[in-house]
Amino acid sequence: MSLRELSYLTLPRLVLIVGILILPLVMPSMYWQRVISIVCIYSLLALSFDFLAHFVGLVSLGGAFFIGTGGYLAAILNTSFGLPPVLTIPISTLLGAVICTVLLLPCLPLRGVYFAIVTLMYPLVLTRIIEALNVLGGTDGIMGVASFANRWIEQYFVLVMVLVSMFGLRRLVNLDIGLVFRAVKDNDQAVKASGMNITYYKAIAVFIASALGCLGGACLVHIYMWSGISQFALDFSILPIAATVIGGAGTLVGPVLGCFILVPISELLRAFGTLRIVFYCLILVGFIVFRSEGIMVYGQRKYHQFERWVEI
Amino acid sequence: MSNQSILQVQDATKSFGGIMAVNRVSLDVHAGEILGIIGPNGSGKTTLINCVTGFIRMTSGTVLFRGRNITGKPAHKIADMGITRTFQIMRPYYSLPSYKNLVIPLFSPRAKRTGGWRGGGKLGDRNTVGIDILEEIGFERDSFVPYKIASTLPTGYLKRLELARCLALKPEIIFCDEVFSGLSMSEIASMIPLIERLQMDGITLIMIEHRLRELFRVANRVMVLNFGEKVVEGSPEEVMADDKVKEVYFGSEEVEEVMSHA
């Protein structure tokens, strides 16, 4: 393998990894570093959406559900049990994923739109429950959650988590069990005819996806040092989908890039005040009309054309 | 082939609303035989398969596999026991290459238990085993065919892929739902030895077919369904000679006489 071929294969990955890792260094202002952290939270959600929708065939609107579950768990573990973030984040990731999977289990044997509806319903229901019963801090939320040791640890923890999840998921979907997930999306009847319980595999996939979301939620709570019902906000369900559309569905890298584009744009547009949403929508519509396949799908195709390109 | 019964269906009934799709059909499949099921369109052949393999729930009736009651078990449990089926409308995983299509059945609990293809000890790399199975079933190993995305395969290969998915599970029974239909004469000619070889390997086959000439060549017994009811059952020669079968397929002579006078 020549150096040229080697660089052809590794260069895009290296650019991405190095680019993401030096991002906090080139943006030293507190404000933009906070934006980067939020971008990473959204990236985790976008990865979870892309994995469920394009590799398992479950359209999930549950970003808010996952964030809320993971966030509240981390807040409770931290404030009531006094656990440090080193413990609350892994515990709430796993425990949150178990809770989400169990709650979503009833609609997994069904095909069609039911999964999307149920995942959309849970955050709404949980918000009302917290409001009405005034549990878990009620409308005030849970305050006084410990923060990360310093902002560099915060930055690099979420960035590395995004990279690990992205490459991990990409590895997973090409393993044998990943092929089973993709088969469930392609043709669940044939998977059944192969003697496999599709509900079981869907549950595993939902566990993985909700673990990503809960991880994001737990990080978010420790970044804001607060958890409240705004963590069940619909933004967490909708923005990852928009990012997936822009970045390229089914590429796993695309949704992350989509988040790295969309979230900062929405921050920059704050200068326009309330007109922000209008410009935001215009950018989205522009992408959908002119590059509906997504940046990554388009980019990959163009990049692979280089291989055919020979100097004469 | 022995006369030992491997699968018994007793009074299988399935009604969709008021329509009796399958009406009190009983059936006794002997181990190692090829049983043909024929009948005009809409006579309930595929519904019968769906009932037996657990893809739809029977209204009433029982299914016994080796004397064990498997009525109402979910489809994946039935497939796990070795009762596999192909689909009339092929259901490959269109986005995966052909050999990756077989990784999925090879990943199933049954394939892990039975230890891979041809009982050769431990299950090897699933991709390799998949390509081996595809070669058995008529995908040329040296060509590009096993590596092509399933959505680009022609019908003949898709039908073979359906059979390959069953074989990956090391089945005891395969329900073949119209594996010959949609194929050219030469493709069918190359499928028939394959079916015969499966029978020699000790697999029991139940074949739904519309291609009667080819079916009668391989089948040991044939059952005729019409309007969800069993009309006749017997050896291919008996069935071919039966008046009731002619009536099912060509309409009764009285009707024809009436028509000719009209």
# chains A, B, ... in the order shown; residues from 1 in each chain; ligands from 1
>>> interface_residues(of="chain A", to="chain B", cutoff="10 Å", atoms="only C-alpha atoms", output="ChimeraX atom specification")
/A:175-198
>>> write_last_selection(atoms="C-alpha atoms", output="PDB file, in the first residue's frame")
ATOM      1  CA  LEU A 175     -20.409  -6.411  12.832  1.00  0.00           C
ATOM      2  CA  ASP A 176     -22.629  -9.478  12.523  1.00  0.00           C
ATOM      3  CA  ILE A 177     -25.069  -8.142  15.100  1.00  0.00           C
ATOM      4  CA  GLY A 178     -25.101  -4.827  13.226  1.00  0.00           C
ATOM      5  CA  LEU A 179     -26.076  -6.724  10.090  1.00  0.00           C
ATOM      6  CA  VAL A 180     -28.978  -8.194  12.046  1.00  0.00           C
ATOM      7  CA  PHE A 181     -30.071  -4.657  12.975  1.00  0.00           C
ATOM      8  CA  ARG A 182     -29.911  -3.616   9.321  1.00  0.00           C
ATOM      9  CA  ALA A 183     -31.797  -6.765   8.362  1.00  0.00           C
ATOM     10  CA  VAL A 184     -34.571  -5.850  10.806  1.00  0.00           C
ATOM     11  CA  LYS A 185     -34.850  -2.554   8.974  1.00  0.00           C
ATOM     12  CA  ASP A 186     -34.796  -4.155   5.521  1.00  0.00           C
ATOM     13  CA  ASN A 187     -37.130  -7.030   6.188  1.00  0.00           C
ATOM     14  CA  ASP A 188     -38.274  -7.983   9.651  1.00  0.00           C
ATOM     15  CA  GLN A 189     -40.362 -10.934   8.417  1.00  0.00           C
ATOM     16  CA  ALA A 190     -37.278 -12.588   6.959  1.00  0.00           C
ATOM     17  CA  VAL A 191     -35.437 -12.105  10.263  1.00  0.00           C
ATOM     18  CA  LYS A 192     -38.352 -13.823  11.986  1.00  0.00           C
ATOM     19  CA  ALA A 193     -38.163 -16.625   9.449  1.00  0.00           C
ATOM     20  CA  SER A 194     -34.483 -16.986  10.336  1.00  0.00           C
ATOM     21  CA  GLY A 195     -35.487 -17.969  13.854  1.00  0.00           C
ATOM     22  CA  MET A 196     -34.646 -14.705  15.560  1.00  0.00           C
ATOM     23  CA  ASN A 197     -36.752 -12.664  17.923  1.00  0.00           C
ATOM     24  CA  ILE A 198     -36.931  -9.231  16.325  1.00  0.00           C
TER      25      ILE A 198
END
>>> residues_around(residues="A:Val263", least_positions_apart="4", cutoff="12 Å", atoms="only C-alpha atoms", output="PyMOL selection string")
chain A and resi 32+34-43+235-236+239-240+242-243+255-259+267-270+280
>>> select_by_dssp(residues="stretch 49-231 of chain A", states="strand (DSSP E)", output="list in words")
Ile142, Met143, Trp226 and Ser227 of chain A
>>> select_by_dssp(residues="stretch 26-206 of chain A", states="alpha helix (DSSP H)", output="NGL selection string")
:A and (26 or 30-51 or 63-81 or 85-104 or 114-133 or 151-174 or 176-186 or 188-193 or 198-206)
>>> residues_around(residues="B:Asp28", least_positions_apart="3", cutoff="10 Å", atoms="only C-alpha atoms", output="PyMOL selection string")
chain B and resi 3-10+31+35+63-64
>>> write_last_selection(atoms="C-alpha atoms", output="short mmCIF file (atom, residue, chain, number, x, y, z; two decimals), in the first residue's frame")
data_model
loop_
_atom_site.label_atom_id
_atom_site.label_comp_id
_atom_site.auth_asym_id
_atom_site.auth_seq_id
_atom_site.Cartn_x
_atom_site.Cartn_y
_atom_site.Cartn_z
CA ASN B 3 -43.59 -43.34 6.67
CA GLN B 4 -42.75 -41.81 10.00
CA SER B 5 -44.74 -38.66 10.49
CA ILE B 6 -42.75 -35.52 11.23
CA LEU B 7 -45.42 -32.83 11.02
CA GLN B 8 -49.13 -33.26 11.62
CA VAL B 9 -51.67 -30.56 10.98
CA GLN B 10 -55.13 -31.29 12.35
CA ALA B 31 -40.07 -37.45 7.33
CA LEU B 35 -45.14 -33.03 -0.42
CA VAL B 63 -49.96 -28.43 14.61
CA LEU B 64 -47.75 -31.19 15.95
#
>>> atom_distance(atom1="atom CA of B:Tyr99", atom2="atom CA of B:Pro171")
18.7 Å
>>> closest_residue(among="B:Ile192, B:Ile173, B:Val248, B:Asn220", to="B:Pro236", atoms="only C-alpha atoms")
B:Asn220
>>> atom_distance(atom1="atom CA of A:Pro123", atom2="atom CA of A:Cys219")
18.4 Å
>>> residues_around(residues="B:Gly202", least_positions_apart="5", cutoff="9 Å", atoms="only C-alpha atoms", output="MDAnalysis selection string")
chainID B and resid 1 31:33 172 197
>>> closest_residue(among="A:Ala64, A:Ile208, A:Ala46, A:Val59", to="A:Phe232", atoms="only C-alpha atoms")
A:Ala64
>>> atom_distance(atom1="atom CA of A:Arg291", atom2="atom CA of A:Gly247")
9.6 Å
>>> closest_residue(among="B:Val232, B:Met223, B:Ile56, B:Ala21", to="B:Gly36", atoms="only C-alpha atoms")
B:Met223
>>> closest_residue(among="A:Phe148, A:Tyr31, A:Phe207, A:Phe55", to="A:Leu103", atoms="only C-alpha atoms")
A:Phe207
>>> decode(residues="stretch 243-278 of chain A", atoms="N, CA and C atoms", output="mmCIF file, in the first residue's frame")
data_model
loop_
_atom_site.group_PDB
_atom_site.id
_atom_site.type_symbol
_atom_site.label_atom_id
_atom_site.label_comp_id
_atom_site.auth_asym_id
_atom_site.auth_seq_id
_atom_site.Cartn_x
_atom_site.Cartn_y
_atom_site.Cartn_z
ATOM 1 N N ALA A 243 -30.347 17.959 11.791
ATOM 2 C CA ALA A 243 -28.919 17.761 11.576
ATOM 3 C C ALA A 243 -28.668 16.529 10.719
ATOM 4 N N THR A 244 -29.488 15.486 10.910
ATOM 5 C CA THR A 244 -29.328 14.275 10.115
ATOM 6 C C THR A 244 -29.663 14.540 8.649
ATOM 7 N N VAL A 245 -30.704 15.347 8.429
ATOM 8 C CA VAL A 245 -31.089 15.677 7.048
ATOM 9 C C VAL A 245 -29.961 16.450 6.372
ATOM 10 N N ILE A 246 -29.398 17.414 7.090
ATOM 11 C CA ILE A 246 -28.338 18.230 6.498
ATOM 12 C C ILE A 246 -27.065 17.422 6.313
ATOM 13 N N GLY A 247 -26.717 16.639 7.318
ATOM 14 C CA GLY A 247 -25.437 15.941 7.293
ATOM 15 C C GLY A 247 -25.419 14.740 6.369
ATOM 16 N N GLY A 248 -26.557 14.120 6.155
ATOM 17 C CA GLY A 248 -26.577 12.923 5.322
ATOM 18 C C GLY A 248 -27.028 11.740 6.134
ATOM 19 N N ALA A 249 -28.203 11.200 5.811
ATOM 20 C CA ALA A 249 -28.781 10.114 6.594
ATOM 21 C C ALA A 249 -28.012 8.826 6.367
ATOM 22 N N GLY A 250 -27.873 8.058 7.425
ATOM 23 C CA GLY A 250 -27.255 6.745 7.312
ATOM 24 C C GLY A 250 -25.748 6.764 7.168
ATOM 25 N N THR A 251 -25.098 7.907 7.465
ATOM 26 C CA THR A 251 -23.638 7.942 7.389
ATOM 27 C C THR A 251 -22.985 7.991 8.764
ATOM 28 N N LEU A 252 -23.749 8.296 9.788
ATOM 29 C CA LEU A 252 -23.288 8.435 11.177
ATOM 30 C C LEU A 252 -22.354 9.633 11.368
ATOM 31 N N VAL A 253 -21.458 9.879 10.396
ATOM 32 C CA VAL A 253 -20.600 11.062 10.514
ATOM 33 C C VAL A 253 -21.416 12.304 10.161
ATOM 34 N N GLY A 254 -22.273 12.141 9.172
ATOM 35 C CA GLY A 254 -23.056 13.264 8.682
ATOM 36 C C GLY A 254 -23.843 13.981 9.770
ATOM 37 N N PRO A 255 -24.635 13.266 10.566
ATOM 38 C CA PRO A 255 -25.397 13.932 11.615
ATOM 39 C C PRO A 255 -24.518 14.733 12.572
ATOM 40 N N VAL A 256 -23.316 14.210 12.879
ATOM 41 C CA VAL A 256 -22.413 14.948 13.768
ATOM 42 C C VAL A 256 -22.007 16.256 13.090
ATOM 43 N N LEU A 257 -21.625 16.156 11.808
ATOM 44 C CA LEU A 257 -21.269 17.376 11.078
ATOM 45 C C LEU A 257 -22.457 18.327 11.034
ATOM 46 N N GLY A 258 -23.642 17.760 10.817
ATOM 47 C CA GLY A 258 -24.853 18.576 10.776
ATOM 48 C C GLY A 258 -25.018 19.384 12.055
ATOM 49 N N CYS A 259 -24.764 18.734 13.201
ATOM 50 C CA CYS A 259 -24.860 19.446 14.472
ATOM 51 C C CYS A 259 -23.798 20.523 14.561
ATOM 52 N N PHE A 260 -22.590 20.215 14.087
ATOM 53 C CA PHE A 260 -21.509 21.200 14.152
ATOM 54 C C PHE A 260 -21.801 22.393 13.243
ATOM 55 N N ILE A 261 -22.692 22.235 12.279
ATOM 56 C CA ILE A 261 -23.087 23.364 11.427
ATOM 57 C C ILE A 261 -24.297 24.076 12.013
ATOM 58 N N LEU A 262 -25.322 23.293 12.360
ATOM 59 C CA LEU A 262 -26.606 23.902 12.730
ATOM 60 C C LEU A 262 -26.567 24.674 14.036
ATOM 61 N N VAL A 263 -25.961 24.068 15.075
ATOM 62 C CA VAL A 263 -26.005 24.704 16.389
ATOM 63 C C VAL A 263 -25.241 26.031 16.380
ATOM 64 N N PRO A 264 -24.003 26.090 15.862
ATOM 65 C CA PRO A 264 -23.321 27.389 15.806
ATOM 66 C C PRO A 264 -24.063 28.406 14.949
ATOM 67 N N ILE A 265 -24.668 27.962 13.842
ATOM 68 C CA ILE A 265 -25.428 28.905 13.018
ATOM 69 C C ILE A 265 -26.539 29.533 13.846
ATOM 70 N N SER A 266 -27.228 28.665 14.597
ATOM 71 C CA SER A 266 -28.333 29.194 15.403
ATOM 72 C C SER A 266 -27.796 30.187 16.438
ATOM 73 N N GLU A 267 -26.562 29.986 16.926
ATOM 74 C CA GLU A 267 -25.966 30.938 17.863
ATOM 75 C C GLU A 267 -25.621 32.248 17.161
ATOM 76 N N LEU A 268 -25.024 32.130 15.953
ATOM 77 C CA LEU A 268 -24.634 33.339 15.216
ATOM 78 C C LEU A 268 -25.847 34.186 14.876
ATOM 79 N N LEU A 269 -26.963 33.493 14.596
ATOM 80 C CA LEU A 269 -28.158 34.217 14.165
ATOM 81 C C LEU A 269 -28.831 34.962 15.307
ATOM 82 N N ARG A 270 -28.329 34.774 16.521
ATOM 83 C CA ARG A 270 -28.913 35.503 17.650
ATOM 84 C C ARG A 270 -28.865 37.007 17.428
ATOM 85 N N ALA A 271 -27.895 37.463 16.606
ATOM 86 C CA ALA A 271 -27.784 38.894 16.313
ATOM 87 C C ALA A 271 -29.067 39.433 15.683
ATOM 88 N N PHE A 272 -29.805 38.581 15.005
ATOM 89 C CA PHE A 272 -31.014 39.039 14.326
ATOM 90 C C PHE A 272 -32.237 39.040 15.231
ATOM 91 N N GLY A 273 -32.032 38.690 16.471
ATOM 92 C CA GLY A 273 -33.156 38.707 17.406
ATOM 93 C C GLY A 273 -34.210 37.694 17.027
ATOM 94 N N THR A 274 -35.457 38.128 16.961
ATOM 95 C CA THR A 274 -36.555 37.182 16.734
ATOM 96 C C THR A 274 -36.603 36.693 15.289
ATOM 97 N N LEU A 275 -35.917 37.392 14.383
ATOM 98 C CA LEU A 275 -35.885 36.940 12.987
ATOM 99 C C LEU A 275 -35.024 35.687 12.819
ATOM 100 N N ARG A 276 -34.319 35.328 13.874
ATOM 101 C CA ARG A 276 -33.408 34.189 13.879
ATOM 102 C C ARG A 276 -34.051 32.934 13.283
ATOM 103 N N ILE A 277 -35.282 32.641 13.748
ATOM 104 C CA ILE A 277 -35.959 31.421 13.320
ATOM 105 C C ILE A 277 -36.206 31.439 11.821
ATOM 106 N N VAL A 278 -36.517 32.642 11.277
ATOM 107 C CA VAL A 278 -36.780 32.755 9.838
ATOM 108 C C VAL A 278 -35.541 32.371 9.044
#
